[in-house]
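As stored in protein.cif (mmCIF, C-alpha atoms):
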data_data
#
loop_
_atom_site.label_atom_id
_atom_site.label_comp_id
_atom_site.auth_asym_id
_atom_site.auth_seq_id
_atom_site.Cartn_x
_atom_site.Cartn_y
_atom_site.Cartn_z
CA GLU A 1 -24.26 56.06 -8.95
CA GLU A 2 -26.59 53.56 -10.66
CA ARG A 3 -23.72 52.35 -12.83
CA ARG A 4 -21.57 51.79 -9.74
CA VAL A 5 -24.37 49.76 -8.11
CA ARG A 6 -24.78 47.67 -11.27
CA LEU A 7 -21.03 47.02 -11.40
CA THR A 8 -21.02 46.05 -7.73
CA ARG A 9 -23.97 43.71 -8.19
CA GLY A 10 -22.39 42.25 -11.33
CA GLY A 11 -19.11 41.65 -9.47
CA ARG A 12 -20.95 39.93 -6.62
CA ARG A 13 -22.89 37.81 -9.09
CA GLU A 14 -19.71 36.79 -10.91
CA GLY A 15 -18.00 36.04 -7.60
CA LYS A 16 -20.91 33.86 -6.50
CA GLU A 17 -20.95 32.04 -9.85
CA SER A 18 -17.19 31.46 -9.54
CA GLU A 19 -17.63 30.04 -6.02
CA ASP A 20 -20.41 27.76 -7.27
CA ARG A 21 -18.21 26.51 -10.12
CA ASN A 22 -15.33 25.84 -7.74
CA ARG A 23 -17.68 24.03 -5.34
CA ASN A 24 -19.02 21.89 -8.17
CA ARG A 25 -15.47 21.07 -9.30
CA ARG A 26 -14.53 20.02 -5.77
CA MET A 27 -17.58 17.75 -5.60
CA VAL A 28 -16.65 16.17 -8.96
CA TYR A 29 -13.04 15.70 -7.83
CA SER A 30 -14.17 14.12 -4.57
CA TYR A 31 -16.52 11.75 -6.40
CA GLU A 32 -13.82 10.69 -8.88
CA SER A 33 -11.29 10.17 -6.07
CA LEU A 34 -13.79 8.03 -4.14
CA LYS A 35 -14.29 5.87 -7.22
CA ILE A 36 -10.53 5.28 -7.44
CA VAL A 37 -10.38 4.45 -3.71
CA GLY A 38 -13.22 1.97 -4.22
CA ILE A 39 -11.43 0.37 -7.19
CA SER A 40 -8.24 0.08 -5.14
CA ILE A 41 -10.08 -1.58 -2.23
CA ALA A 42 -11.82 -3.99 -4.62
CA GLY A 43 -8.50 -4.88 -6.23
CA THR A 44 -6.88 -5.50 -2.83
CA LEU A 45 -9.76 -7.71 -1.71
CA LEU A 46 -9.55 -9.66 -4.98
CA CYS A 47 -5.81 -10.21 -4.47
CA GLU A 48 -6.35 -11.32 -0.87
CA LEU A 49 -9.04 -13.77 -2.02
CA LEU A 50 -6.63 -15.12 -4.62
CA SER A 51 -3.87 -15.41 -2.01
CA TRP A 52 -6.23 -17.23 0.36
CA PHE A 53 -7.14 -19.70 -2.37
CA LEU A 54 -3.50 -20.30 -3.36
CA ILE A 55 -1.68 -20.26 0.02
CA TYR A 56 -3.44 -19.00 3.17
CA ARG A 57 -5.89 -21.91 3.39
CA LYS A 58 -3.22 -24.59 2.96
CA SER A 59 -1.97 -26.54 5.97
CA ASN A 60 1.68 -26.16 4.92
CA TYR A 61 1.44 -22.37 5.11
CA LYS A 62 -0.28 -22.49 8.50
CA GLN A 63 2.39 -24.85 9.84
CA LEU A 64 5.17 -22.53 8.64
CA VAL A 65 3.53 -19.50 10.25
CA SER A 66 3.08 -21.40 13.50
CA SER A 67 6.70 -22.60 13.41
CA ILE A 68 8.06 -19.10 12.72
CA THR A 69 6.00 -17.61 15.54
CA ARG A 70 7.02 -20.32 18.00
CA THR A 71 10.73 -20.24 17.06
CA GLY A 72 10.80 -16.44 17.10
CA LYS A 73 9.36 -16.32 20.60
CA LYS A 74 11.89 -18.89 21.84
CA LEU A 75 14.75 -16.88 20.30
CA GLU A 76 13.49 -13.62 21.81
CA ALA A 77 13.18 -15.24 25.24
CA LEU A 78 16.68 -16.71 24.99
CA LYS A 79 18.18 -13.37 24.00
CA SER A 80 16.35 -11.64 26.84
CA GLU A 81 17.78 -14.11 29.35
CA SER A 82 21.34 -13.59 28.15
CA ALA A 83 21.02 -9.81 27.71
CA GLY A 84 22.21 -9.04 31.24
CA LEU A 85 25.15 -11.46 31.09
CA SER A 86 28.67 -10.24 30.37
CA SER A 87 29.32 -13.23 28.10
CA LYS A 88 27.29 -16.08 26.70
CA THR A 89 28.08 -19.71 27.27
CA LYS A 90 28.81 -22.03 24.35
CA THR A 91 25.51 -23.78 24.96
CA GLN A 92 23.58 -20.50 24.73
CA LYS A 93 25.41 -19.48 21.57
CA LYS A 94 24.77 -22.83 19.90
CA LYS A 95 21.09 -22.71 20.90
CA GLU A 96 20.67 -19.19 19.50
CA GLU A 97 22.43 -20.13 16.26
CA ARG A 98 20.25 -23.21 15.89
CA LEU A 99 17.04 -21.23 16.45
CA GLU A 100 18.18 -18.50 14.05
CA GLN A 101 18.93 -21.13 11.41
CA VAL A 102 15.50 -22.71 11.86
CA LEU A 103 13.87 -19.27 11.68
CA LYS A 104 15.72 -18.39 8.47
CA GLN A 105 14.86 -21.73 6.91
CA ASP A 106 11.17 -21.39 7.72
CA SER A 107 11.18 -17.78 6.54
CA PHE A 108 12.68 -18.81 3.22
CA GLU A 109 10.12 -21.58 2.79
CA LEU A 110 7.30 -19.16 3.63
CA GLN A 111 8.47 -16.61 1.08
CA LYS A 112 8.88 -19.36 -1.53
CA SER A 113 5.35 -20.62 -0.92
CA LYS A 114 4.00 -17.08 -1.45
CA MET A 115 5.81 -16.60 -4.77
CA THR A 116 2.97 -17.85 -6.99
CA ALA A 117 0.35 -15.76 -5.19
CA THR A 118 2.62 -12.69 -5.34
CA VAL A 119 3.07 -13.03 -9.11
CA CYS A 120 -0.66 -13.59 -9.70
CA SER A 121 -1.57 -10.61 -7.48
CA SER A 122 0.91 -8.40 -9.36
CA VAL A 123 -0.65 -9.39 -12.69
CA VAL A 124 -4.17 -8.69 -11.38
CA LEU A 125 -3.15 -5.28 -10.03
CA LEU A 126 -1.37 -4.40 -13.28
CA ILE A 127 -4.45 -5.28 -15.34
CA LEU A 128 -6.68 -3.31 -12.97
CA TYR A 129 -4.35 -0.30 -13.13
CA THR A 130 -4.30 -0.41 -16.94
CA ILE A 131 -8.11 -0.50 -17.15
CA THR A 132 -8.51 2.25 -14.55
CA SER A 133 -5.85 4.39 -16.22
CA LYS A 134 -7.65 4.20 -19.57
CA TYR A 135 -10.98 5.06 -17.95
CA PHE A 136 -9.58 8.16 -16.18
CA SER A 137 -7.19 9.09 -18.99
CA GLY A 138 -6.55 12.86 -19.05
CA GLN A 139 -8.94 13.54 -16.15
CA ILE A 140 -8.12 15.64 -13.11
CA VAL A 141 -9.44 13.56 -10.22
CA ALA A 142 -8.21 15.63 -7.28
CA LYS A 143 -6.64 18.95 -6.28
CA LEU A 144 -3.57 18.86 -4.09
CA PRO A 145 -3.29 21.39 -1.24
CA PHE A 146 0.27 22.06 -2.43
CA GLU A 147 2.25 22.16 -5.65
CA ALA A 148 3.65 18.73 -6.40
CA PRO A 149 7.46 18.59 -5.95
CA TRP A 150 9.59 17.01 -8.65
CA ILE A 151 9.86 13.70 -6.79
CA ILE A 152 6.11 12.96 -7.15
CA LYS A 153 5.33 15.16 -10.14
CA GLY A 154 5.60 12.22 -12.54
CA ALA A 155 2.78 10.43 -10.70
CA THR A 156 0.54 13.43 -9.99
CA GLN A 157 0.73 14.82 -13.53
CA ARG A 158 0.76 11.51 -15.42
CA GLY A 159 -1.50 11.77 -18.48
CA LEU A 160 -2.63 15.34 -17.69
CA ASP A 161 -2.30 18.25 -20.09
CA SER A 162 -2.08 20.87 -17.36
CA ASP A 163 0.50 23.34 -16.06
CA ASP A 164 -1.19 23.54 -12.66
CA LEU A 165 0.97 21.48 -10.28
CA THR A 166 -1.94 21.15 -7.84
CA ASP A 167 -3.87 19.06 -10.38
CA CYS A 168 -3.72 15.36 -9.61
CA SER A 169 -4.13 12.35 -11.89
CA MET A 170 -5.56 8.96 -10.98
CA THR A 171 -2.09 7.39 -10.89
CA TYR A 172 -1.06 9.20 -7.71
CA VAL A 173 -4.35 8.50 -5.92
CA TYR A 174 -4.23 4.84 -6.99
CA LEU A 175 -0.63 4.40 -5.79
CA ILE A 176 -1.29 6.08 -2.44
CA CYS A 177 -4.35 3.91 -1.88
CA GLY A 178 -2.43 0.76 -2.78
CA ALA A 179 0.41 1.59 -0.42
CA GLY A 180 -1.81 2.71 2.46
CA LEU A 181 -4.87 0.47 2.26
CA ARG A 182 -3.45 -2.96 1.42
CA PRO A 183 -1.40 -3.45 4.64
CA ASN A 184 -4.39 -2.38 6.74
CA ILE A 185 -6.79 -4.66 4.85
CA GLN A 186 -4.35 -7.56 5.25
CA LYS A 187 -4.13 -6.82 8.97
CA LEU A 188 -7.93 -6.64 9.23
CA LEU A 189 -8.27 -10.00 7.48
CA GLY A 190 -5.50 -11.54 9.59
CA ASN A 191 -3.25 -12.20 6.59
CA THR A 192 -0.16 -10.29 7.71
CA PRO A 193 3.10 -12.26 7.97
CA PRO A 194 4.24 -13.21 11.48
CA ARG A 195 6.16 -10.54 13.39
CA GLN A 196 9.00 -12.97 13.99
CA LEU A 197 9.64 -13.40 10.26
CA ALA A 198 13.37 -13.18 9.63
CA SER A 199 13.43 -9.80 7.91
CA ALA A 200 17.11 -10.05 7.16
CA GLN A 201 16.56 -13.14 4.99
CA GLN A 202 16.29 -12.31 1.30
CA PRO A 203 13.03 -13.71 -0.20
CA PHE A 204 14.68 -15.79 -2.93
CA GLN A 205 18.04 -16.49 -1.33
CA PRO A 206 18.21 -19.89 0.40
CA PRO A 207 19.85 -20.00 3.81
CA LYS A 208 23.45 -21.05 3.88
CA GLU A 209 24.16 -24.60 4.85
CA GLU A 210 26.43 -25.08 7.82
#
Before we go any further, please render this structure as structure tokens.
Amino acid sequence: EERRVRLTRGGRREGKESEDRNRNRRMVYSYESLKIVGISIAGTLLCELLSWFLIYRKSNYKQLVSSITRTGKKLEALKSESAGLSSKTKTQKKKEERLEQVLKQDSFELQKSKMTATVCSSVVLLILYTITSKYFSGQIVAKLPFEAPWIIKGATQRGLDSDDLTDCSMTYVYLICGAGLRPNIQKLLGNTPPRQLASAQQPFQPPKEE
């Protein structure tokens, strides 16, 4: 009877110690993940500051954004007017084509003006990733609530010597933060491209001359 009580108490003690260890691990993982999120935010802010210095503050960029917004609104209004018509007149077609050409031209110029800032930001983010990757090399920074499928396994297990597919490396957290936080930070700072930007225009392909 006494032996059974001791075994029961020992099992409870071991179970409690195991829970404490797991709780401590979760706290460590959360702290490491927060550090990576902070690094990602700092990197994004640095890139936005660099972009502001190189392009956003310049009058040429502001004029292009204003022109794209204005032309896009005119084109949308013109298309709305002719939407209910069975056929468009030659004047309407020519006006739409002219506005589309202006929009594509301005969009191309805008993308070209952002090229230098884009390259510089890419270099900064690459350097930051390299430094962060070395700092967290081989460390498990988070636990996934699922086993990583093959499509993201390369990112979640990068640099880890672990067979547990729920273990997560800094690469995956860093990439997710970069993809999710940067657009929102740009929107918060008012640095998002205009909605009317000609999305069909390739960034480095000049518009065709008529």
- From A:Ser107, A:Ser113, A:Thr69, A:Gln101, residue lying nearest Leu54 of chain A [all atoms listed in the file]: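 Of all the options, A:Ser113 lies closest to Leu54 of chain A.
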- Message: Every residue with an atom at most 8 Å from (-3.8, 17.1, -14.2) (file coordinates; only C-alpha atoms) is what I'm after, so could you write them as a list in words?
- Response: Gly138, Gln139, Ile140, Val141, Thr156, Gln157, Arg158, Gly159, Leu160, Asp161, Ser162, Asp163, Asp164, Leu165, Thr166, Asp167, Cys168 and Ser169 of chain A
To verify the selection step, state as a tab-separated table (two decimals) with C-alpha atoms, in the frame of the given file which residues the PyMOL selection byres ((chain A and resi 70-75) around 7) yields on this input.
chain	number	residue	atom	x	y	z
A	66	SER	CA	3.08	-21.40	13.50
A	67	SER	CA	6.70	-22.60	13.41
A	68	ILE	CA	8.06	-19.10	12.72
A	69	THR	CA	6.00	-17.61	15.54
A	76	GLU	CA	13.49	-13.62	21.81
A	77	ALA	CA	13.18	-15.24	25.24
A	78	LEU	CA	16.68	-16.71	24.99
A	79	LYS	CA	18.18	-13.37	24.00
A	96	GLU	CA	20.67	-19.19	19.50
A	99	LEU	CA	17.04	-21.23	16.45
A	103	LEU	CA	13.87	-19.27	11.68
A	196	GLN	CA	9.00	-12.97	13.99
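The closest residue to Glu32 of chain A, picked from A:Leu144, A:Gln92, A:Met170, A:Trp150 and counting all atoms listed in the file, is A:Met170.
For the pair atom CA of Thr118 of chain A and atom CA of Glu48 of chain A, the interatomic distance is 10.1 Å.
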- Query: In Å, how far is it from atom CA of Lys112 of chain A to atom CA of Lys94 of chain A?
  - Reply: 26.9 Å
